[in-house]
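With mmCIF, C-alpha atoms inside, this is input-v3.cif:
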data_input
#
loop_
_atom_site.group_PDB
_atom_site.id
_atom_site.type_symbol
_atom_site.label_atom_id
_atom_site.label_comp_id
_atom_site.auth_asym_id
_atom_site.auth_seq_id
_atom_site.Cartn_x
_atom_site.Cartn_y
_atom_site.Cartn_z
ATOM 1 C CA MET N 1 81.292 30.616 -210.723
ATOM 2 C CA SER N 2 82.354 26.991 -210.723
ATOM 3 C CA ARG N 3 79.843 24.659 -209.193
ATOM 4 C CA ASP N 4 80.745 22.189 -206.459
ATOM 5 C CA LYS N 5 81.401 18.727 -207.905
ATOM 6 C CA HIS N 6 78.782 17.177 -205.612
ATOM 7 C CA LEU N 7 76.014 19.204 -207.247
ATOM 8 C CA PRO N 8 73.328 18.626 -208.351
ATOM 9 C CA LEU N 9 72.268 16.394 -205.455
ATOM 10 C CA THR N 10 70.135 13.370 -206.261
ATOM 11 C CA GLU N 11 66.512 13.437 -205.182
ATOM 12 C CA THR N 12 67.145 10.948 -202.363
ATOM 13 C CA VAL N 13 70.224 12.783 -201.062
ATOM 14 C CA TYR N 14 68.335 16.081 -201.102
ATOM 15 C CA TYR N 15 65.479 14.632 -199.053
ATOM 16 C CA ILE N 16 67.856 12.891 -196.611
ATOM 17 C CA LEU N 17 69.694 16.173 -195.958
ATOM 18 C CA LEU N 18 66.383 17.952 -195.564
ATOM 19 C CA ALA N 19 65.219 15.276 -193.107
ATOM 20 C CA LEU N 20 68.449 15.591 -191.109
ATOM 21 C CA LEU N 21 68.001 19.286 -190.295
ATOM 22 C CA GLU N 22 66.745 17.571 -187.141
ATOM 23 C CA PRO N 23 68.637 14.556 -185.706
ATOM 24 C CA ALA N 24 67.217 11.161 -186.692
ATOM 25 C CA HIS N 25 68.191 7.480 -186.827
ATOM 26 C CA GLY N 26 68.044 5.320 -189.960
ATOM 27 C CA TYR N 27 64.428 4.209 -189.932
ATOM 28 C CA LEU N 28 63.185 7.649 -188.951
ATOM 29 C CA ILE N 29 65.082 9.105 -191.933
ATOM 30 C CA MET N 30 63.250 6.654 -194.218
ATOM 31 C CA GLN N 31 59.894 7.703 -192.822
ATOM 32 C CA LYS N 32 60.682 11.418 -193.009
ATOM 33 C CA VAL N 33 61.903 11.122 -196.608
ATOM 34 C CA GLU N 34 58.671 9.426 -197.593
ATOM 35 C CA GLU N 35 56.624 12.079 -195.794
ATOM 36 C CA LEU N 36 58.606 15.067 -197.171
ATOM 37 C CA SER N 37 58.346 13.722 -200.718
ATOM 38 C CA ALA N 38 54.572 13.180 -200.358
ATOM 39 C CA GLY N 39 55.092 9.434 -200.782
ATOM 40 C CA GLN N 40 57.130 9.820 -203.990
ATOM 41 C CA VAL N 41 60.449 8.609 -202.578
ATOM 42 C CA ARG N 42 60.273 5.312 -200.707
ATOM 43 C CA MET N 43 63.717 4.087 -199.760
ATOM 44 C CA ALA N 44 64.525 0.498 -198.862
ATOM 45 C CA ALA N 45 66.832 -0.276 -195.905
ATOM 46 C CA GLY N 46 69.889 -1.325 -197.940
ATOM 47 C CA THR N 47 69.715 1.722 -200.168
ATOM 48 C CA LEU N 48 69.285 4.103 -197.235
ATOM 49 C CA TYR N 49 72.217 2.546 -195.358
ATOM 50 C CA GLY N 50 74.478 2.999 -198.375
ATOM 51 C CA ALA N 51 73.313 6.595 -198.876
ATOM 52 C CA VAL N 52 73.924 7.483 -195.213
ATOM 53 C CA ASP N 53 77.352 5.835 -195.396
ATOM 54 C CA ASN N 54 78.255 7.977 -198.417
ATOM 55 C CA LEU N 55 76.993 11.188 -196.794
ATOM 56 C CA LEU N 56 79.103 10.439 -193.705
ATOM 57 C CA LYS N 57 82.182 9.984 -195.902
ATOM 58 C CA GLN N 58 81.451 13.258 -197.688
ATOM 59 C CA LYS N 59 80.964 14.932 -194.259
ATOM 60 C CA PHE N 60 77.506 16.233 -195.230
ATOM 61 C CA ILE N 61 76.115 14.563 -192.103
ATOM 62 C CA GLN N 62 77.643 13.408 -188.825
ATOM 63 C CA PRO N 63 76.735 11.081 -185.956
ATOM 64 C CA THR N 64 75.324 12.790 -182.915
ATOM 65 C CA ALA N 65 74.529 11.780 -179.313
ATOM 66 C CA SER N 66 71.873 9.106 -179.054
ATOM 67 C CA GLU N 67 69.865 7.743 -176.159
ATOM 68 C CA ASP N 68 69.252 4.563 -178.143
ATOM 69 C CA SER N 69 72.095 2.104 -177.532
ATOM 70 C CA ARG N 70 71.532 0.244 -180.820
ATOM 71 C CA ARG N 71 70.533 2.929 -183.310
ATOM 72 C CA LYS N 72 72.946 5.634 -184.392
ATOM 73 C CA VAL N 73 71.537 9.127 -184.748
ATOM 74 C CA TYR N 74 72.729 11.509 -187.461
ATOM 75 C CA VAL N 75 72.426 15.227 -188.099
ATOM 76 C CA ILE N 76 73.353 17.533 -190.987
ATOM 77 C CA THR N 77 76.739 19.362 -190.865
ATOM 78 C CA ASP N 78 77.482 22.958 -191.892
ATOM 79 C CA LEU N 79 78.873 21.609 -195.165
ATOM 80 C CA GLY N 80 75.661 19.628 -195.677
ATOM 81 C CA ARG N 81 73.563 22.755 -195.063
ATOM 82 C CA GLU N 82 75.648 24.656 -197.601
ATOM 83 C CA MET N 83 75.122 21.909 -200.207
ATOM 84 C CA LEU N 84 71.405 21.890 -199.532
ATOM 85 C CA ARG N 85 71.278 25.686 -199.937
ATOM 86 C CA GLN N 86 73.243 25.645 -203.187
ATOM 87 C CA ASP N 87 71.077 22.907 -204.653
ATOM 88 C CA TYR N 88 67.979 24.800 -203.552
ATOM 89 C CA GLU N 89 69.262 27.922 -205.365
ATOM 90 C CA ARG N 90 69.945 25.828 -208.450
ATOM 91 C CA MET N 91 66.395 24.440 -208.459
ATOM 92 C CA ARG N 92 64.839 27.825 -207.695
ATOM 93 C CA HIS N 93 66.615 29.273 -210.697
ATOM 94 C CA MET N 94 65.323 26.425 -212.854
ATOM 95 C CA ILE N 95 61.778 27.052 -211.692
ATOM 96 C CA GLU N 96 62.063 30.817 -212.281
ATOM 97 C CA VAL N 97 63.395 30.503 -215.828
ATOM 98 C CA THR N 98 60.862 27.782 -216.614
ATOM 99 C CA ASN N 99 58.012 30.025 -215.473
ATOM 100 C CA MET N 100 59.445 32.868 -217.548
ATOM 101 C CA GLN N 101 59.720 30.756 -220.684
ATOM 102 C CA TRP N 102 56.237 29.336 -220.236
ATOM 103 C CA GLY N 103 54.898 32.876 -219.671
ATOM 104 C CA LYS N 104 56.472 34.033 -222.945
ATOM 105 C CA GLU N 105 55.007 31.054 -224.760
ATOM 106 C CA GLU N 106 51.502 31.823 -223.478
ATOM 107 C CA LEU N 107 51.764 35.470 -224.536
ATOM 108 C CA LEU N 108 52.822 34.331 -227.989
ATOM 109 C CA HIS N 109 49.805 32.020 -228.283
ATOM 110 C CA GLU N 110 47.417 34.756 -227.166
ATOM 111 C CA LYS N 111 48.649 37.112 -229.917
ATOM 112 C CA ILE N 112 47.994 34.474 -232.590
ATOM 113 C CA MET C 1 71.120 -30.034 -192.585
ATOM 114 C CA LYS C 2 74.278 -28.550 -194.057
ATOM 115 C CA LYS C 3 74.751 -27.739 -197.746
ATOM 116 C CA TYR C 4 77.812 -26.534 -199.589
ATOM 117 C CA LYS C 5 77.315 -24.359 -202.614
ATOM 118 C CA PHE C 6 79.071 -21.403 -204.187
ATOM 119 C CA PHE C 7 77.301 -18.555 -205.966
ATOM 120 C CA THR C 8 78.746 -15.638 -207.877
ATOM 121 C CA ASN C 9 75.285 -14.254 -208.644
ATOM 122 C CA LEU C 10 73.332 -12.969 -205.639
ATOM 123 C CA ASP C 11 69.912 -13.136 -207.343
ATOM 124 C CA GLN C 12 70.423 -16.850 -207.951
ATOM 125 C CA GLU C 13 71.514 -17.341 -204.353
ATOM 126 C CA GLU C 14 68.380 -15.556 -203.071
ATOM 127 C CA GLN C 15 66.246 -17.665 -205.411
ATOM 128 C CA TRP C 16 67.869 -20.868 -204.164
ATOM 129 C CA LEU C 17 67.204 -19.909 -200.524
ATOM 130 C CA ASN C 18 63.555 -19.230 -201.407
ATOM 131 C CA ASP C 19 63.377 -22.660 -203.080
ATOM 132 C CA MET C 20 64.845 -24.314 -199.990
ATOM 133 C CA ALA C 21 62.226 -22.574 -197.797
ATOM 134 C CA ARG C 22 59.523 -23.834 -200.158
ATOM 135 C CA GLN C 23 60.822 -27.351 -199.437
ATOM 136 C CA GLY C 24 60.757 -26.658 -195.712
ATOM 137 C CA TYR C 25 64.386 -25.744 -195.066
ATOM 138 C CA LEU C 26 65.050 -22.393 -193.431
ATOM 139 C CA LEU C 27 68.492 -20.819 -193.371
ATOM 140 C CA VAL C 28 69.784 -20.403 -189.806
ATOM 141 C CA ARG C 29 73.532 -19.873 -190.287
ATOM 142 C CA LYS C 30 76.070 -19.368 -193.007
ATOM 143 C CA SER C 31 79.778 -19.944 -192.610
ATOM 144 C CA LEU C 32 81.538 -22.082 -195.195
ATOM 145 C CA GLY C 33 78.297 -23.919 -195.837
ATOM 146 C CA TYR C 34 74.621 -23.139 -195.434
ATOM 147 C CA GLN C 35 73.048 -24.459 -192.235
ATOM 148 C CA PHE C 36 69.334 -25.233 -192.621
ATOM 149 C CA GLU C 37 66.672 -26.119 -190.125
ATOM 150 C CA ARG C 38 63.695 -28.312 -190.985
ATOM 151 C CA SER C 39 60.405 -26.439 -190.710
ATOM 152 C CA VAL C 40 57.023 -26.019 -192.371
ATOM 153 C CA PRO C 41 57.347 -25.245 -196.115
ATOM 154 C CA GLU C 42 56.727 -21.559 -196.769
ATOM 155 C CA GLU C 43 56.924 -18.837 -199.395
ATOM 156 C CA ALA C 44 59.885 -16.894 -198.074
ATOM 157 C CA ASN C 45 61.600 -13.769 -199.364
ATOM 158 C CA TYR C 46 65.351 -13.806 -198.754
ATOM 159 C CA ARG C 47 67.583 -10.889 -199.713
ATOM 160 C CA ILE C 48 71.341 -10.626 -199.508
ATOM 161 C CA ASP C 49 73.476 -7.580 -198.864
ATOM 162 C CA PHE C 50 77.264 -7.492 -198.751
ATOM 163 C CA ARG C 51 78.950 -5.373 -196.096
ATOM 164 C CA THR C 52 81.710 -5.623 -193.522
ATOM 165 C CA PHE C 53 81.808 -3.448 -190.417
ATOM 166 C CA LYS C 54 84.556 -1.717 -188.489
ATOM 167 C CA ASN C 55 83.029 -2.487 -185.107
ATOM 168 C CA GLN C 56 80.165 -4.253 -183.381
ATOM 169 C CA ARG C 57 78.297 -0.972 -182.822
ATOM 170 C CA ASP C 58 78.112 -0.212 -186.556
ATOM 171 C CA PHE C 59 76.940 -3.763 -187.182
ATOM 172 C CA GLU C 60 74.199 -3.507 -184.541
ATOM 173 C CA ASP C 61 73.009 -0.204 -185.984
ATOM 174 C CA TYR C 62 72.850 -1.777 -189.449
ATOM 175 C CA VAL C 63 70.860 -4.790 -188.246
ATOM 176 C CA ALA C 64 68.512 -2.507 -186.258
ATOM 177 C CA LEU C 65 67.701 -0.487 -189.388
ATOM 178 C CA PHE C 66 66.668 -3.626 -191.272
ATOM 179 C CA GLU C 67 64.664 -4.938 -188.324
ATOM 180 C CA ASP C 68 62.826 -1.603 -188.097
ATOM 181 C CA SER C 69 61.996 -1.932 -191.813
ATOM 182 C CA GLY C 70 60.451 -5.391 -191.493
ATOM 183 C CA TRP C 71 63.372 -7.746 -192.072
ATOM 184 C CA THR C 72 64.950 -10.435 -189.910
ATOM 185 C CA HIS C 73 68.715 -10.745 -190.054
ATOM 186 C CA VAL C 74 69.102 -14.532 -190.332
ATOM 187 C CA ALA C 75 72.800 -14.987 -191.042
ATOM 188 C CA GLY C 76 76.019 -13.013 -191.248
ATOM 189 C CA THR C 77 78.436 -11.449 -188.774
ATOM 190 C CA LYS C 78 80.397 -8.216 -188.418
ATOM 191 C CA GLY C 79 83.163 -9.454 -190.680
ATOM 192 C CA SER C 80 81.427 -12.089 -192.809
ATOM 193 C CA GLY C 81 80.548 -9.779 -195.678
ATOM 194 C CA ALA C 82 77.377 -11.491 -196.868
ATOM 195 C CA GLN C 83 74.336 -10.501 -194.771
ATOM 196 C CA TYR C 84 71.166 -12.582 -195.143
ATOM 197 C CA PHE C 85 67.740 -11.062 -194.538
ATOM 198 C CA LYS C 86 64.287 -12.607 -194.562
ATOM 199 C CA GLN C 87 61.164 -10.499 -194.886
ATOM 200 C CA ASN C 88 58.789 -10.739 -191.944
ATOM 201 C CA GLY C 89 55.295 -12.056 -192.556
ATOM 202 C CA ASP C 90 54.380 -14.158 -195.557
ATOM 203 C CA GLN C 91 53.838 -13.443 -199.237
ATOM 204 C CA GLY C 92 56.220 -10.498 -199.101
ATOM 205 C CA ASN C 93 58.076 -9.574 -202.238
ATOM 206 C CA GLU C 94 59.925 -6.412 -201.301
ATOM 207 C CA ASP C 95 63.578 -5.705 -201.935
ATOM 208 C CA ILE C 96 66.190 -4.306 -199.559
ATOM 209 C CA PHE C 97 67.224 -1.909 -202.345
ATOM 210 C CA SER C 98 65.061 0.709 -203.983
ATOM 211 C CA ASP C 99 67.352 1.665 -206.857
ATOM 212 C CA ALA C 100 69.569 -0.167 -209.336
ATOM 213 C CA ASP C 101 72.789 1.624 -208.338
ATOM 214 C CA SER C 102 72.714 0.634 -204.677
ATOM 215 C CA LYS C 103 71.767 -2.942 -205.632
ATOM 216 C CA ALA C 104 74.689 -3.143 -208.056
ATOM 217 C CA ALA C 105 77.107 -1.628 -205.513
ATOM 218 C CA ARG C 106 77.075 -4.949 -203.644
ATOM 219 C CA TYR C 107 79.101 -6.503 -206.439
ATOM 220 C CA GLN C 108 81.582 -3.653 -206.302
ATOM 221 C CA ARG C 109 82.178 -4.391 -202.609
ATOM 222 C CA ILE C 110 82.504 -8.128 -203.282
ATOM 223 C CA SER C 111 85.001 -7.464 -206.052
ATOM 224 C CA ASP C 112 86.991 -5.148 -203.770
ATOM 225 C CA MET C 113 87.131 -7.850 -201.089
ATOM 226 C CA TRP C 114 88.561 -10.459 -203.496
ATOM 227 C CA MET C 115 91.039 -7.918 -204.831
ATOM 228 C CA THR C 116 92.208 -7.119 -201.284
ATOM 229 C CA LEU C 117 92.738 -10.817 -200.543
ATOM 230 C CA CYS C 118 94.567 -11.174 -203.827
ATOM 231 C CA CYS C 119 96.818 -8.223 -202.998
ATOM 232 C CA CYS C 120 97.654 -9.747 -199.583
ATOM 233 C CA PHE C 121 99.097 -12.841 -201.247
ATOM 234 C CA ILE C 122 101.177 -11.058 -203.869
ATOM 235 C CA PRO C 123 103.830 -9.662 -201.453
ATOM 236 C CA ILE C 124 104.038 -13.064 -199.712
ATOM 237 C CA PHE C 125 104.653 -14.695 -203.067
ATOM 238 C CA ALA C 126 107.205 -12.053 -204.033
ATOM 239 C CA ALA C 127 108.995 -12.472 -200.694
ATOM 240 C CA LEU C 128 109.172 -16.241 -201.089
ATOM 241 C CA ILE C 129 110.616 -15.888 -204.580
ATOM 242 C CA SER C 130 113.161 -13.211 -203.670
ATOM 243 C CA THR C 131 114.421 -15.198 -200.654
ATOM 244 C CA ASP C 132 114.780 -18.290 -202.876
ATOM 245 C CA ALA C 133 112.301 -20.165 -200.690
ATOM 246 C CA ILE C 134 110.566 -21.110 -203.916
ATOM 247 C CA ASP C 135 112.710 -22.882 -206.447
ATOM 248 C CA ALA C 136 110.853 -22.908 -209.754
ATOM 249 C CA SER C 137 113.639 -24.965 -211.350
ATOM 250 C CA VAL C 138 112.192 -28.115 -209.722
ATOM 251 C CA ILE C 139 109.643 -28.165 -212.538
ATOM 252 C CA LEU C 140 112.502 -28.903 -214.940
ATOM 253 C CA LYS C 141 114.473 -31.013 -212.463
ATOM 254 C CA PRO C 142 111.919 -32.941 -210.405
ATOM 255 C CA GLN C 143 114.589 -35.402 -209.209
ATOM 256 C CA SER C 144 115.973 -32.645 -206.960
ATOM 257 C CA LEU C 145 112.882 -33.067 -204.775
ATOM 258 C CA TYR C 146 114.049 -36.534 -203.707
ATOM 259 C CA TYR C 147 116.339 -36.429 -200.703
ATOM 260 C CA THR C 148 117.102 -40.179 -200.184
ATOM 261 C CA PRO C 149 120.882 -40.506 -200.396
ATOM 262 C CA GLY C 150 122.037 -42.563 -203.374
ATOM 263 C CA LEU C 151 118.480 -43.034 -204.655
ATOM 264 C CA TRP C 152 119.353 -42.532 -208.304
ATOM 265 C CA GLU C 153 122.226 -45.049 -208.123
ATOM 266 C CA MET C 154 119.923 -47.816 -206.882
ATOM 267 C CA SER C 155 118.343 -50.289 -209.259
ATOM 268 C CA GLY C 156 115.596 -52.891 -209.427
ATOM 269 C CA PRO C 157 113.013 -53.384 -206.661
ATOM 270 C CA ARG C 158 115.182 -51.549 -204.142
ATOM 271 C CA PHE C 159 114.977 -48.389 -206.269
ATOM 272 C CA TRP C 160 111.216 -48.652 -206.780
ATOM 273 C CA GLN C 161 110.577 -49.224 -203.111
ATOM 274 C CA ALA C 162 112.613 -46.186 -202.066
ATOM 275 C CA PHE C 163 111.308 -44.108 -204.974
ATOM 276 C CA LEU C 164 107.629 -44.798 -204.343
ATOM 277 C CA PHE C 165 108.079 -44.333 -200.624
ATOM 278 C CA GLU C 166 109.454 -40.852 -201.060
ATOM 279 C CA THR C 167 107.179 -39.724 -203.904
ATOM 280 C CA PRO C 168 104.368 -38.354 -201.695
ATOM 281 C CA PHE C 169 106.911 -36.348 -199.669
ATOM 282 C CA ALA C 170 108.573 -35.090 -202.839
ATOM 283 C CA LEU C 171 105.222 -34.036 -204.297
ATOM 284 C CA PHE C 172 104.401 -32.201 -201.109
ATOM 285 C CA ARG C 173 107.772 -30.412 -201.120
ATOM 286 C CA GLY C 174 107.346 -29.466 -204.744
ATOM 287 C CA ILE C 175 103.712 -28.436 -204.732
ATOM 288 C CA VAL C 176 102.928 -26.844 -201.398
ATOM 289 C CA TRP C 177 104.177 -23.392 -202.421
ATOM 290 C CA MET C 178 101.939 -23.598 -205.492
ATOM 291 C CA VAL C 179 99.008 -22.886 -203.146
ATOM 292 C CA ILE C 180 99.971 -19.213 -203.097
ATOM 293 C CA PRO C 181 99.952 -18.486 -206.856
ATOM 294 C CA VAL C 182 96.832 -20.666 -207.189
ATOM 295 C CA MET C 183 95.089 -18.544 -204.521
ATOM 296 C CA ILE C 184 96.161 -15.363 -206.302
ATOM 297 C CA ILE C 185 94.631 -16.656 -209.532
ATOM 298 C CA VAL C 186 91.438 -17.921 -207.877
ATOM 299 C CA TYR C 187 90.897 -14.614 -206.023
ATOM 300 C CA SER C 188 91.436 -12.561 -209.150
ATOM 301 C CA VAL C 189 88.954 -14.744 -211.026
ATOM 302 C CA PHE C 190 86.350 -14.137 -208.286
ATOM 303 C CA ALA C 191 87.123 -10.405 -208.318
ATOM 304 C CA TYR C 192 86.689 -10.363 -212.091
ATOM 305 C CA LYS C 193 83.406 -12.301 -211.909
ATOM 306 C CA ALA C 194 81.967 -9.907 -209.315
ATOM 307 C CA LYS C 195 83.076 -6.950 -211.445
ATOM 308 C CA LYS C 196 81.272 -8.470 -214.430
ATOM 309 C CA GLU C 197 78.101 -8.922 -212.377
ATOM 310 C CA TYR C 198 78.455 -5.280 -211.357
ATOM 311 C CA ASP C 199 78.680 -4.105 -214.965
ATOM 312 C CA LYS C 200 75.779 -6.353 -215.914
ATOM 313 C CA SER C 201 73.467 -5.088 -213.171
ATOM 314 C CA GLN C 202 74.436 -1.475 -213.883
ATOM 315 C CA GLN C 203 73.218 -1.824 -217.458
ATOM 316 C CA GLN C 204 69.800 -3.048 -216.410
#
Once you've parsed the file, please lay out its structure as structure tokens.
Amino acid sequence: MSRDKHLPLTETVYYILLALLEPAHGYLIMQKVEELSAGQVRMAAGTLYGAVDNLLKQKFIQPTASEDSRRKVYVITDLGREMLRQDYERMRHMIEVTNMQWGKEELLHEKI
Amino acid sequence: MKKYKFFTNLDQEEQWLNDMARQGYLLVRKSLGYQFERSVPEEANYRIDFRTFKNQRDFEDYVALFEDSGWTHVAGTKGSGAQYFKQNGDQGNEDIFSDADSKAARYQRISDMWMTLCCCFIPIFAALISTDAIDASVILKPQSLYYTPGLWEMSGPRFWQAFLFETPFALFRGIVWMVIPVMIIVYSVFAYKAKKEYDKSQQQ
């Protein structure tokens, strides 16, 4: 199976897509990303704007109706969901095989 | 107070604006020059982004995001490209970018802008050449730029008077089209410089 050329997603893109399962405007995305990553990923305004711009071009997210006249609100698209799912599968596989390899290693040490 | 300066490196430009603030001059507008307003000297933190926007709504949304994150948009318009931000509160030392790639991407956009300008002038230049509006042979035959009848048959003070009188007009006729190739060269130099800054900041 050939993998989509957009994969793997970067850490920031992954968290932005995850945050946009619910509609949000720019600053709210920043806050959600920080919260979802347990404070690990803190994005600055310029970086977030560029990332959102790229995701719009790739059609992973789209603008949605907003009550705020100044702030645009975005939400994930079906394509974005699919990317998120594929990257999740990729990471889950990595975790599974890592656990397996570590398990083998431990067994080996116990025998010695 | 108005100051004219040209930067190809954005870090140096930010640094210079911080220095000006330390001397009590705060940036209020930027068009061709920098417009400063006298105020109390302060430790400011200016940051520059480079973006143009398709419409006013996109621009507003962009400015709102920065304002929400603790920045004041001090200068720049929808189509100006350079956007100047100042961090709210004092003693701040944050950046508007949180990774090297997005910070470097500014230079890519600057380079693209110069290249676009450059590409606009090339067809104009080509059109002028192909319609014979530009006659490059005047470089070899500058006397053809003088239109005074019988000028070259005159002699003595009469010749010099007529010759010197027409020289500024002749120069203008001969040189004015040069503006276009000069612009093409200048724009490509700027595009190249921005590209070099991009490569440099990518390596860091």
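Between atom CA of Lys72 of chain N and atom CA of Pro8 of chain N the separation is 27.3 Å.
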*Length of the atom CA of Arg109 of chain C to atom CA of Gly50 of chain N vector [Å]*: 11.5 Å
*Identify every residue of chain N that has at least one atom within 8 Å of any atom of chain C, counting all atoms listed in the file, and report the result as an MDAnalysis selection string.*
chainID N and resid 26:27 42:47 49:50 70:72
Kindly list the centre and edge lengths in Å, rounded to one decimal, for the axis-aligned box that covers all listed atoms of segment 52-57 of chain N plus 3 Å on each of its six sides, as AutoDock Vina command-line options.
--center_x 78.1 --center_y 8.5 --center_z -196.1 --size_x 14.3 --size_y 11.4 --size_z 10.7
Could you write out as a PDB file with C-alpha atoms, in the coordinates of the input the residues that the PyMOL selection byres ((chain N and resi 55-62) around 9) matches in the shown file?
ATOM      1  CA  VAL N  13      70.224  12.783-201.062  1.00  0.00           C
ATOM      2  CA  LEU N  17      69.694  16.173-195.958  1.00  0.00           C
ATOM      3  CA  LEU N  20      68.449  15.591-191.109  1.00  0.00           C
ATOM      4  CA  GLY N  50      74.478   2.999-198.375  1.00  0.00           C
ATOM      5  CA  ALA N  51      73.313   6.595-198.876  1.00  0.00           C
ATOM      6  CA  VAL N  52      73.924   7.483-195.213  1.00  0.00           C
ATOM      7  CA  ASP N  53      77.352   5.835-195.396  1.00  0.00           C
ATOM      8  CA  ASN N  54      78.255   7.977-198.417  1.00  0.00           C
ATOM      9  CA  PRO N  63      76.735  11.081-185.956  1.00  0.00           C
ATOM     10  CA  THR N  64      75.324  12.790-182.915  1.00  0.00           C
ATOM     11  CA  VAL N  73      71.537   9.127-184.748  1.00  0.00           C
ATOM     12  CA  TYR N  74      72.729  11.509-187.461  1.00  0.00           C
ATOM     13  CA  VAL N  75      72.426  15.227-188.099  1.00  0.00           C
ATOM     14  CA  ILE N  76      73.353  17.533-190.987  1.00  0.00           C
ATOM     15  CA  THR N  77      76.739  19.362-190.865  1.00  0.00           C
ATOM     16  CA  ASP N  78      77.482  22.958-191.892  1.00  0.00           C
ATOM     17  CA  LEU N  79      78.873  21.609-195.165  1.00  0.00           C
ATOM     18  CA  GLY N  80      75.661  19.628-195.677  1.00  0.00           C
ATOM     19  CA  ARG N  81      73.563  22.755-195.063  1.00  0.00           C
ATOM     20  CA  GLU N  82      75.648  24.656-197.601  1.00  0.00           C
ATOM     21  CA  MET N  83      75.122  21.909-200.207  1.00  0.00           C
TER      22      MET N  83
END
*Could you expand the PyMOL selection byres ((chain C and resi 17) around 12) into the explicit residues it covers here, written as a PyMOL selection string?*
chain C and resi 3+5+7+10-16+18-28+30+34-36+42-48+74+84-86
*Residues at most 8 Å from Val41 of chain N, counting all atoms listed in the file, excluding those fewer than 6 positions away in the same chain, as a ChimeraX atom specification?*
/N:12,33-34
*asked:* Quick one: residues within 12 Å of segment 185-187 of chain C, all atoms listed in the file, excluding same-chain residues fewer than 5 positions away - as a ChimeraX atom specification?
replied: /C:110-122,178-180,192-194
*Which value, in Å to one decimal, gives the distance between atom CA of Arg92 of chain N and atom CA of Thr10 of chain N?*
15.5 Å
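Using all atoms listed in the file, the nearest neighbour of Gln56 of chain C within the list C:Arg29, C:Arg158, C:Arg173, C:Lys78 is C:Lys78.
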*asked:* the PyMOL selection byres ((chain C and resi 133-147) around 9) - which residues does that actually catch in the file I just gave you? List them as a ChimeraX atom specification.
replied: /C:125,127-132,148-152,163,166-167,169-171,173-174,177
*Nearest to Thr8 of chain C among C:Ala82, C:Val176, C:Val40, C:Ala162, with distances taken over all atoms listed in the file: which residue is it?*
C:Ala82
*Hey, which of N:Tyr14, N:Leu48, N:Glu105, N:Ser2 ends up closest to Leu28 of chain N? Count all atoms listed in the file.*
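Comparing N:Tyr14, N:Leu48, N:Glu105, N:Ser2 against Leu28 of chain N, the winner is N:Leu48.
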